[in-house]
>>> print(open('coords_39.cif').read())   # mmCIF, C-alpha atoms
data_coords
loop_
_atom_site.group_PDB
_atom_site.id
_atom_site.type_symbol
_atom_site.label_atom_id
_atom_site.label_comp_id
_atom_site.auth_asym_id
_atom_site.auth_seq_id
_atom_site.Cartn_x
_atom_site.Cartn_y
_atom_site.Cartn_z
ATOM 1 C CA MET A 22 23.080 69.751 -57.878
ATOM 2 C CA ALA A 23 24.632 70.954 -61.135
ATOM 3 C CA THR A 24 28.165 72.265 -61.302
ATOM 4 C CA ALA A 25 28.296 75.963 -62.206
ATOM 5 C CA ASN A 26 29.496 76.514 -65.797
ATOM 6 C CA LEU A 27 32.185 79.190 -65.468
ATOM 7 C CA LYS A 28 34.462 80.848 -68.000
ATOM 8 C CA PRO A 29 38.120 81.681 -67.277
ATOM 9 C CA GLY A 30 38.160 84.768 -65.056
ATOM 10 C CA THR A 31 34.636 85.220 -63.756
ATOM 11 C CA TYR A 32 32.720 86.815 -60.923
ATOM 12 C CA LEU A 33 31.144 84.632 -58.244
ATOM 13 C CA PHE A 34 29.550 87.520 -56.326
ATOM 14 C CA GLY A 35 29.475 91.160 -57.379
ATOM 15 C CA GLY A 36 30.497 92.509 -60.767
ATOM 16 C CA ASP A 37 28.112 90.983 -63.291
ATOM 17 C CA LYS A 38 26.792 88.445 -60.743
ATOM 18 C CA PRO A 39 24.277 89.374 -58.018
ATOM 19 C CA TRP A 40 25.464 89.259 -54.423
ATOM 20 C CA LEU A 41 22.125 87.798 -53.280
ATOM 21 C CA ALA A 42 22.816 89.337 -49.869
ATOM 22 C CA GLU A 43 19.358 88.409 -48.614
ATOM 23 C CA SER A 44 20.225 84.724 -49.152
ATOM 24 C CA TRP A 45 23.536 84.699 -47.271
ATOM 25 C CA ALA A 46 23.317 83.157 -43.804
ATOM 26 C CA ALA A 47 24.830 84.217 -40.496
ATOM 27 C CA SER A 48 27.099 81.755 -38.728
ATOM 28 C CA ASP A 49 27.995 83.429 -35.447
ATOM 29 C CA ASP A 50 29.335 82.240 -32.100
ATOM 30 C CA ARG A 51 25.790 82.255 -30.711
ATOM 31 C CA VAL A 52 25.654 78.567 -31.692
ATOM 32 C CA ARG A 53 28.281 78.053 -28.942
ATOM 33 C CA GLY A 54 26.743 80.360 -26.366
ATOM 34 C CA GLY A 55 28.389 83.577 -27.569
ATOM 35 C CA LYS A 56 26.826 86.981 -28.221
ATOM 36 C CA SER A 57 28.406 88.107 -31.495
ATOM 37 C CA GLN A 58 26.192 89.010 -34.442
ATOM 38 C CA SER A 59 26.832 89.660 -38.135
ATOM 39 C CA TYR A 60 24.884 91.026 -41.096
ATOM 40 C CA LEU A 61 25.356 91.257 -44.851
ATOM 41 C CA ASP A 62 23.454 94.148 -46.422
ATOM 42 C CA TYR A 63 23.504 95.942 -49.744
ATOM 43 C CA THR A 64 25.544 99.134 -49.636
ATOM 44 C CA HIS A 65 23.751 102.466 -49.902
ATOM 45 C CA ALA A 66 24.875 104.349 -52.977
ATOM 46 C CA ARG A 67 26.775 107.581 -52.456
ATOM 47 C CA ALA A 68 24.562 110.390 -53.723
ATOM 48 C CA SER A 69 24.697 114.179 -53.947
ATOM 49 C CA SER A 70 21.750 114.502 -51.570
ATOM 50 C CA SER A 71 20.120 112.287 -48.976
ATOM 51 C CA SER A 72 16.941 112.118 -51.065
ATOM 52 C CA GLU A 73 18.925 110.389 -53.825
ATOM 53 C CA ALA A 74 20.498 107.780 -51.568
ATOM 54 C CA ALA A 75 19.314 104.274 -52.324
ATOM 55 C CA ALA A 76 20.517 100.735 -51.817
ATOM 56 C CA THR A 77 22.673 99.345 -54.595
ATOM 57 C CA LYS A 78 23.201 95.637 -55.198
ATOM 58 C CA GLU A 79 26.668 96.148 -56.659
ATOM 59 C CA THR A 80 28.453 96.113 -53.287
ATOM 60 C CA VAL A 81 27.667 94.769 -49.819
ATOM 61 C CA ARG A 82 28.508 95.557 -46.192
ATOM 62 C CA PHE A 83 29.620 92.816 -43.839
ATOM 63 C CA HIS A 84 29.114 94.345 -40.417
ATOM 64 C CA GLY A 85 28.069 93.627 -36.866
ATOM 65 C CA GLU A 86 29.378 93.302 -33.328
ATOM 66 C CA LEU A 87 32.105 90.944 -32.129
ATOM 67 C CA ASP A 88 31.587 90.118 -28.459
ATOM 68 C CA ILE A 89 34.359 88.240 -26.637
ATOM 69 C CA THR A 90 33.034 88.453 -23.092
ATOM 70 C CA ALA A 91 30.730 85.436 -23.215
ATOM 71 C CA LEU A 92 33.380 82.986 -24.416
ATOM 72 C CA GLY A 93 36.360 84.111 -22.375
ATOM 73 C CA GLY A 94 38.181 86.104 -25.033
ATOM 74 C CA ALA A 95 37.104 84.028 -28.016
ATOM 75 C CA GLY A 96 34.432 84.969 -30.508
ATOM 76 C CA PHE A 97 33.495 84.961 -34.156
ATOM 77 C CA ALA A 98 30.853 86.307 -36.522
ATOM 78 C CA SER A 99 30.521 85.282 -40.156
ATOM 79 C CA GLN A 100 28.311 85.263 -43.227
ATOM 80 C CA ARG A 101 28.271 82.352 -45.677
ATOM 81 C CA SER A 102 27.159 82.080 -49.284
ATOM 82 C CA PRO A 103 23.743 80.632 -50.134
ATOM 83 C CA ASP A 104 23.425 76.835 -50.207
ATOM 84 C CA PRO A 105 23.605 74.756 -52.300
ATOM 85 C CA GLN A 106 26.560 75.727 -54.467
ATOM 86 C CA ARG A 107 29.021 73.709 -56.486
ATOM 87 C CA TRP A 108 31.635 75.654 -58.412
ATOM 88 C CA ASP A 109 34.281 73.992 -60.566
ATOM 89 C CA LEU A 110 37.223 76.371 -60.072
ATOM 90 C CA SER A 111 39.941 73.956 -61.178
ATOM 91 C CA SER A 112 40.852 76.121 -64.200
ATOM 92 C CA TYR A 113 41.599 79.152 -62.019
ATOM 93 C CA GLN A 114 44.680 80.155 -60.051
ATOM 94 C CA GLY A 115 42.781 81.532 -57.066
ATOM 95 C CA LEU A 116 40.315 84.182 -55.941
ATOM 96 C CA ARG A 117 40.263 87.933 -56.272
ATOM 97 C CA LEU A 118 38.610 89.888 -53.447
ATOM 98 C CA ALA A 119 37.776 93.568 -53.957
ATOM 99 C CA ILE A 120 37.463 95.601 -50.762
ATOM 100 C CA GLN A 121 35.790 98.968 -51.303
ATOM 101 C CA ASP A 122 36.196 100.251 -47.748
ATOM 102 C CA GLY A 123 36.855 98.935 -44.269
ATOM 103 C CA ASP A 124 37.821 99.518 -40.675
ATOM 104 C CA GLY A 125 41.349 98.099 -40.895
ATOM 105 C CA LYS A 126 40.594 95.097 -38.701
ATOM 106 C CA LYS A 127 41.645 91.561 -39.598
ATOM 107 C CA TYR A 128 39.128 89.405 -41.473
ATOM 108 C CA THR A 129 39.135 85.851 -42.812
ATOM 109 C CA LEU A 130 37.997 84.437 -46.153
ATOM 110 C CA ILE A 131 36.871 80.806 -45.874
ATOM 111 C CA VAL A 132 36.368 78.235 -48.644
ATOM 112 C CA LYS A 133 34.771 74.806 -48.188
ATOM 113 C CA ASP A 134 34.588 71.803 -50.497
ATOM 114 C CA ASP A 135 32.603 69.583 -48.130
ATOM 115 C CA ILE A 136 29.263 70.248 -46.418
ATOM 116 C CA LEU A 137 27.824 67.373 -44.369
ATOM 117 C CA PRO A 138 24.143 66.844 -43.472
ATOM 118 C CA ARG A 139 23.042 68.683 -40.341
ATOM 119 C CA ARG A 140 23.008 66.962 -36.987
ATOM 120 C CA PRO A 141 19.678 65.946 -35.402
ATOM 121 C CA ASP A 142 19.715 69.160 -33.329
ATOM 122 C CA GLY A 143 19.964 71.242 -36.507
ATOM 123 C CA ARG A 144 23.590 72.292 -36.064
ATOM 124 C CA GLU A 145 26.103 71.794 -38.852
ATOM 125 C CA GLN A 146 28.719 69.084 -38.667
ATOM 126 C CA SER A 147 32.315 70.302 -38.747
ATOM 127 C CA THR A 148 34.393 69.915 -41.895
ATOM 128 C CA VAL A 149 37.772 71.256 -42.997
ATOM 129 C CA SER A 150 37.857 74.982 -43.771
ATOM 130 C CA TRP A 151 40.411 76.616 -46.052
ATOM 131 C CA GLU A 152 41.228 80.073 -44.674
ATOM 132 C CA TYR A 153 42.992 83.274 -45.655
ATOM 133 C CA ASP A 154 43.405 86.231 -43.260
ATOM 134 C CA PHE A 155 43.433 89.751 -44.687
ATOM 135 C CA PRO A 156 43.293 93.388 -43.515
ATOM 136 C CA GLY A 157 39.972 95.182 -43.922
ATOM 137 C CA SER A 158 41.311 98.129 -45.911
ATOM 138 C CA ARG A 159 40.523 99.316 -49.424
ATOM 139 C CA SER A 160 42.377 97.026 -51.819
ATOM 140 C CA GLU A 161 42.001 94.297 -54.411
ATOM 141 C CA LEU A 162 43.539 91.084 -53.128
ATOM 142 C CA GLU A 163 44.854 88.227 -55.233
ATOM 143 C CA ILE A 164 44.575 85.006 -53.227
ATOM 144 C CA PRO A 165 46.293 81.978 -54.813
ATOM 145 C CA TRP A 166 44.903 78.607 -53.794
ATOM 146 C CA HIS A 167 48.161 77.710 -52.026
ATOM 147 C CA ASP A 168 47.682 80.670 -49.657
ATOM 148 C CA LEU A 169 44.508 79.109 -48.230
ATOM 149 C CA LYS A 170 45.392 77.221 -45.034
ATOM 150 C CA PRO A 171 43.368 74.181 -43.860
ATOM 151 C CA THR A 172 41.814 74.274 -40.396
ATOM 152 C CA TYR A 173 39.410 72.055 -38.493
ATOM 153 C CA ARG A 174 37.327 73.524 -35.683
ATOM 154 C CA GLY A 175 39.562 76.577 -35.653
ATOM 155 C CA LYS A 176 42.860 74.681 -35.409
ATOM 156 C CA PRO A 177 45.451 74.122 -38.171
ATOM 157 C CA LYS A 178 45.116 70.795 -39.959
ATOM 158 C CA PRO A 179 48.306 70.300 -41.987
ATOM 159 C CA ASP A 180 47.373 66.696 -42.877
ATOM 160 C CA ALA A 181 44.112 67.711 -44.611
ATOM 161 C CA GLU A 182 43.407 66.304 -48.045
ATOM 162 C CA ALA A 183 43.950 68.751 -50.900
ATOM 163 C CA LEU A 184 41.184 71.272 -51.563
ATOM 164 C CA ASP A 185 38.876 69.852 -54.241
ATOM 165 C CA LEU A 186 38.727 72.746 -56.694
ATOM 166 C CA THR A 187 36.225 70.905 -58.882
ATOM 167 C CA SER A 188 33.587 71.096 -56.157
ATOM 168 C CA ILE A 189 33.700 74.307 -54.098
ATOM 169 C CA LYS A 190 30.510 74.429 -52.078
ATOM 170 C CA ARG A 191 30.724 77.526 -49.869
ATOM 171 C CA ILE A 192 32.515 80.851 -49.427
ATOM 172 C CA SER A 193 32.356 82.755 -46.136
ATOM 173 C CA ILE A 194 33.631 86.028 -44.687
ATOM 174 C CA MET A 195 34.491 85.964 -40.982
ATOM 175 C CA MET A 196 35.397 88.384 -38.213
ATOM 176 C CA ARG A 197 37.062 86.659 -35.245
ATOM 177 C CA SER A 198 38.793 87.730 -32.076
ATOM 178 C CA PHE A 199 42.157 86.047 -32.749
ATOM 179 C CA PHE A 200 42.267 85.183 -29.036
ATOM 180 C CA GLY A 201 41.302 88.609 -27.723
ATOM 181 C CA GLU A 202 43.226 90.637 -30.302
ATOM 182 C CA GLN A 203 40.100 92.441 -31.528
ATOM 183 C CA GLN A 204 36.482 92.993 -30.510
ATOM 184 C CA GLY A 205 33.566 95.392 -30.852
ATOM 185 C CA PRO A 206 31.868 96.760 -33.983
ATOM 186 C CA PHE A 207 33.212 95.821 -37.404
ATOM 187 C CA ASP A 208 32.397 97.083 -40.896
ATOM 188 C CA LEU A 209 33.704 95.913 -44.275
ATOM 189 C CA GLU A 210 32.434 96.925 -47.728
ATOM 190 C CA LEU A 211 32.985 94.332 -50.443
ATOM 191 C CA GLY A 212 32.952 94.927 -54.182
ATOM 192 C CA HIS A 213 33.272 91.422 -55.565
ATOM 193 C CA ILE A 214 34.615 87.924 -55.133
ATOM 194 C CA ALA A 215 35.923 86.452 -58.380
ATOM 195 C CA ALA A 216 37.610 83.295 -59.561
ATOM 196 C CA ALA A 217 40.735 84.537 -61.290
ATOM 197 C CA VAL A 218 43.600 83.678 -63.588
ATOM 198 C CA PHE A 219 46.361 85.995 -62.418
ATOM 199 C CA GLN A 220 48.487 85.769 -65.571
ATOM 200 C CA GLY A 221 47.087 85.933 -69.095
ATOM 201 C CA GLN A 222 43.556 86.463 -67.802
ATOM 202 C CA LEU A 223 40.835 86.754 -70.423
ATOM 203 C CA ASP A 224 38.520 89.266 -68.783
ATOM 204 C CA PRO A 225 40.247 92.629 -68.084
ATOM 205 C CA ARG A 226 37.513 93.567 -65.591
ATOM 206 C CA ILE A 227 38.756 90.763 -63.322
#
>>> encode(input="coords_39.cif", output="structure tokens")
Amino acid sequence: MATANLKPGTYLFGGDKPWLAESWAASDDRVRGGKSQSYLDYTHARASSSSEAAATKETVRFHGELDITALGGAGFASQRSPDPQRWDLSSYQGLRLAIQDGDGKKYTLIVKDDILPRRPDGREQSTVSWEYDFPGSRSELEIPWHDLKPTYRGKPKPDAEALDLTSIKRISIMMRSFFGEQQGPFDLELGHIAAAVFQGQLDPRI
């Protein structure tokens, strides 16, 4: 698997890079007996008439239904980037996430540098996740690496080894209940995810 050759300040998804929404995969609580469900679809362009409306691949909608009844108040629904990936992001200061529109609920961005082979039953083995919670409202977020917090199976893991920025293998967007804090339908429109240099960046689009 070759490491992606990236320039300082570059899009990973959106912008001048395709979202490849059809290749993202759902990772919902159904694997644990839950009932939540998520989707990632291309956004329909805003047009002057319904006959002109068409799907655009410039932005995507992360949407679905978060059900917390089956798991006693817990629940999650997420979409993850296509496998395999291996980005060398060591020359960047963090990620930039552009939110075009949203429902105001709390979402989580997840980064992984380790993906283990699947178990015999087909389920993924757990590895450390690096997470950042954010409000689902129109904004452009700058997320420094040090703001990503390590977790393991949903619990903080302060003793985790440092995130290996030379080998980022997956990016995910998650909706979770936060122990019964939120549930029901969710809807978030994303413009792009970019690796970014926050000061002295070379590409003014990012």
>>> closest_residue(input="coords_39.cif", among="A:Tyr128, A:Tyr113, A:Trp40, A:Trp45", to="Ile194 in chain A", atoms="all atoms listed in the file")
A:Tyr128
>>> closest_residue(input="coords_39.cif", among="A:Leu110, A:Gly212, A:Ala47, A:Glu163", to="Lys78 in chain A", atoms="all atoms listed in the file")
A:Gly212
>>> resolve_selection(input="coords_39.cif", expression="the PyMOL selection byres ((chain A and resi 53) around 12)", output="PyMOL selection string")
chain A and resi 48-52+54-57+91-92+95-98+144-145
>>> resolve_selection(input="coords_39.cif", expression="the PyMOL selection byres ((chain A and resi 201-210) around 6)", output="VMD selection string")
chain A and resid 81 to 87 94 121 to 124 198 to 200 211
>>> closest_residue(input="coords_39.cif", among="A:Tyr60, A:Ile131, A:Ser150, A:Ala42", to="Leu116 in chain A", atoms="all atoms listed in the file")
A:Ile131
>>> atom_distance(input="coords_39.cif", atom1="CA of Thr64 in chain A", atom2="CA of Trp108 in chain A")
25.8 Å
>>> resolve_selection(input="coords_39.cif", expression="the PyMOL selection byres ((chain A and resi 38) around 10)", output="list in words")
Thr31, Tyr32, Leu33, Phe34, Gly35, Gly36, Asp37, Pro39, Trp40, Leu41, Lys78, Glu79, His213, Ile214 and Ala215 of chain A
>>> atom_distance(input="coords_39.cif", atom1="CA of Asp180 in chain A", atom2="CA of Tyr153 in chain A")
17.4 Å
>>> atom_distance(input="coords_39.cif", atom1="CA of Glu182 in chain A", atom2="CA of Trp166 in chain A")
13.7 Å
>>> closest_residue(input="coords_39.cif", among="A:Thr90, A:Ile189, A:Asp154, A:Arg117", to="Ala217 in chain A", atoms="all atoms listed in the file")
A:Arg117
>>> closest_residue(input="coords_39.cif", among="A:Ala46, A:Ile89, A:Ile192, A:Ile136", to="Ser59 in chain A", atoms="all atoms listed in the file")
A:Ala46
>>> closest_residue(input="coords_39.cif", among="A:Ser193, A:Ser160, A:Thr187, A:Gln106", to="Gly125 in chain A", atoms="only C-alpha atoms")
A:Ser160
>>> residues_around(input="coords_39.cif", residues="Ser147 in chain A", least_positions_apart="3", cutoff="12 Å", atoms="only C-alpha atoms", output="PyMOL selection string")
chain A and resi 133+135-140+144+150+172-176
>>> axis_aligned_box(input="coords_39.cif", around="range 100-116 of chain A", padding_each_side="3 Å", output="AutoDock Vina command-line options")
--center_x 34.1 --center_y 79.5 --center_z -53.7 --size_x 27.3 --size_y 17.6 --size_z 27.0
>>> residues_near_point(input="coords_39.cif", point="(49.8, 81.7, -50.0)", cutoff="12 Å", atoms="all atoms listed in the file", output="number ranges by chain")
A: 114-116, 151-155, 162-171
>>> build_atoms(input="coords_39.cif", residues="range 48-67 of chain A", atoms="N, CA, C and O atoms", output="PDB file, keeping the file's coordinate frame")
ATOM      1  N   SER A  48      26.553  82.867 -39.497  1.00  0.00           N
ATOM      2  CA  SER A  48      27.099  81.755 -38.728  1.00  0.00           C
ATOM      3  C   SER A  48      27.976  82.363 -37.641  1.00  0.00           C
ATOM      4  O   SER A  48      29.174  82.573 -37.829  1.00  0.00           O
ATOM      5  N   ASP A  49      27.335  82.688 -36.523  1.00  0.00           N
ATOM      6  CA  ASP A  49      27.995  83.429 -35.447  1.00  0.00           C
ATOM      7  C   ASP A  49      28.234  82.529 -34.236  1.00  0.00           C
ATOM      8  O   ASP A  49      27.714  81.418 -34.149  1.00  0.00           O
ATOM      9  N   ASP A  50      28.999  83.056 -33.271  1.00  0.00           N
ATOM     10  CA  ASP A  50      29.335  82.240 -32.100  1.00  0.00           C
ATOM     11  C   ASP A  50      28.155  81.997 -31.165  1.00  0.00           C
ATOM     12  O   ASP A  50      28.293  81.301 -30.149  1.00  0.00           O
ATOM     13  N   ARG A  51      26.981  82.511 -31.523  1.00  0.00           N
ATOM     14  CA  ARG A  51      25.790  82.255 -30.711  1.00  0.00           C
ATOM     15  C   ARG A  51      25.464  80.760 -30.664  1.00  0.00           C
ATOM     16  O   ARG A  51      24.829  80.292 -29.717  1.00  0.00           O
ATOM     17  N   VAL A  52      25.894  80.013 -31.702  1.00  0.00           N
ATOM     18  CA  VAL A  52      25.654  78.567 -31.692  1.00  0.00           C
ATOM     19  C   VAL A  52      26.468  77.885 -30.599  1.00  0.00           C
ATOM     20  O   VAL A  52      26.208  76.728 -30.255  1.00  0.00           O
ATOM     21  N   ARG A  53      27.454  78.593 -30.026  1.00  0.00           N
ATOM     22  CA  ARG A  53      28.281  78.053 -28.942  1.00  0.00           C
ATOM     23  C   ARG A  53      28.081  78.821 -27.641  1.00  0.00           C
ATOM     24  O   ARG A  53      28.901  78.742 -26.733  1.00  0.00           O
ATOM     25  N   GLY A  54      27.009  79.604 -27.578  1.00  0.00           N
ATOM     26  CA  GLY A  54      26.743  80.360 -26.366  1.00  0.00           C
ATOM     27  C   GLY A  54      27.303  81.761 -26.362  1.00  0.00           C
ATOM     28  O   GLY A  54      27.259  82.441 -25.328  1.00  0.00           O
ATOM     29  N   GLY A  55      27.845  82.231 -27.494  1.00  0.00           N
ATOM     30  CA  GLY A  55      28.389  83.577 -27.569  1.00  0.00           C
ATOM     31  C   GLY A  55      27.321  84.616 -27.846  1.00  0.00           C
ATOM     32  O   GLY A  55      26.124  84.312 -27.944  1.00  0.00           O
ATOM     33  N   LYS A  56      27.755  85.876 -28.024  1.00  0.00           N
ATOM     34  CA  LYS A  56      26.826  86.981 -28.221  1.00  0.00           C
ATOM     35  C   LYS A  56      27.128  87.802 -29.477  1.00  0.00           C
ATOM     36  O   LYS A  56      26.502  88.839 -29.701  1.00  0.00           O
ATOM     37  N   SER A  57      28.057  87.358 -30.286  1.00  0.00           N
ATOM     38  CA  SER A  57      28.406  88.107 -31.495  1.00  0.00           C
ATOM     39  C   SER A  57      27.290  88.004 -32.528  1.00  0.00           C
ATOM     40  O   SER A  57      26.508  87.048 -32.531  1.00  0.00           O
ATOM     41  N   GLN A  58      27.244  88.993 -33.433  1.00  0.00           N
ATOM     42  CA  GLN A  58      26.192  89.010 -34.442  1.00  0.00           C
ATOM     43  C   GLN A  58      26.710  89.690 -35.702  1.00  0.00           C
ATOM     44  O   GLN A  58      27.405  90.705 -35.643  1.00  0.00           O
ATOM     45  N   SER A  59      26.375  89.101 -36.862  1.00  0.00           N
ATOM     46  CA  SER A  59      26.832  89.660 -38.135  1.00  0.00           C
ATOM     47  C   SER A  59      25.660  89.843 -39.089  1.00  0.00           C
ATOM     48  O   SER A  59      24.617  89.191 -38.963  1.00  0.00           O
ATOM     49  N   TYR A  60      25.884  90.738 -40.075  1.00  0.00           N
ATOM     50  CA  TYR A  60      24.884  91.026 -41.096  1.00  0.00           C
ATOM     51  C   TYR A  60      25.597  91.217 -42.435  1.00  0.00           C
ATOM     52  O   TYR A  60      26.763  91.641 -42.489  1.00  0.00           O
ATOM     53  N   LEU A  61      24.885  90.933 -43.507  1.00  0.00           N
ATOM     54  CA  LEU A  61      25.356  91.257 -44.851  1.00  0.00           C
ATOM     55  C   LEU A  61      24.225  92.005 -45.549  1.00  0.00           C
ATOM     56  O   LEU A  61      23.157  91.452 -45.797  1.00  0.00           O
ATOM     57  N   ASP A  62      24.464  93.281 -45.825  1.00  0.00           N
ATOM     58  CA  ASP A  62      23.454  94.148 -46.422  1.00  0.00           C
ATOM     59  C   ASP A  62      23.999  94.794 -47.685  1.00  0.00           C
ATOM     60  O   ASP A  62      25.213  94.983 -47.838  1.00  0.00           O
ATOM     61  N   TYR A  63      23.087  95.170 -48.587  1.00  0.00           N
ATOM     62  CA  TYR A  63      23.504  95.942 -49.744  1.00  0.00           C
ATOM     63  C   TYR A  63      23.971  97.321 -49.299  1.00  0.00           C
ATOM     64  O   TYR A  63      23.407  97.929 -48.390  1.00  0.00           O
ATOM     65  N   THR A  64      24.998  97.828 -49.966  1.00  0.00           N
ATOM     66  CA  THR A  64      25.544  99.134 -49.636  1.00  0.00           C
ATOM     67  C   THR A  64      24.632 100.231 -50.168  1.00  0.00           C
ATOM     68  O   THR A  64      24.062 100.107 -51.251  1.00  0.00           O
ATOM     69  N   HIS A  65      24.502 101.316 -49.408  1.00  0.00           N
ATOM     70  CA  HIS A  65      23.751 102.466 -49.902  1.00  0.00           C
ATOM     71  C   HIS A  65      24.642 103.293 -50.816  1.00  0.00           C
ATOM     72  O   HIS A  65      25.778 103.619 -50.474  1.00  0.00           O
ATOM     73  N   ALA A  66      24.111 103.593 -51.984  1.00  0.00           N
ATOM     74  CA  ALA A  66      24.875 104.349 -52.977  1.00  0.00           C
ATOM     75  C   ALA A  66      25.210 105.735 -52.448  1.00  0.00           C
ATOM     76  O   ALA A  66      24.419 106.354 -51.739  1.00  0.00           O
ATOM     77  N   ARG A  67      26.394 106.218 -52.810  1.00  0.00           N
ATOM     78  CA  ARG A  67      26.775 107.581 -52.456  1.00  0.00           C
ATOM     79  C   ARG A  67      26.085 108.539 -53.419  1.00  0.00           C
ATOM     80  O   ARG A  67      26.222 108.437 -54.636  1.00  0.00           O
TER      81      ARG A  67
END
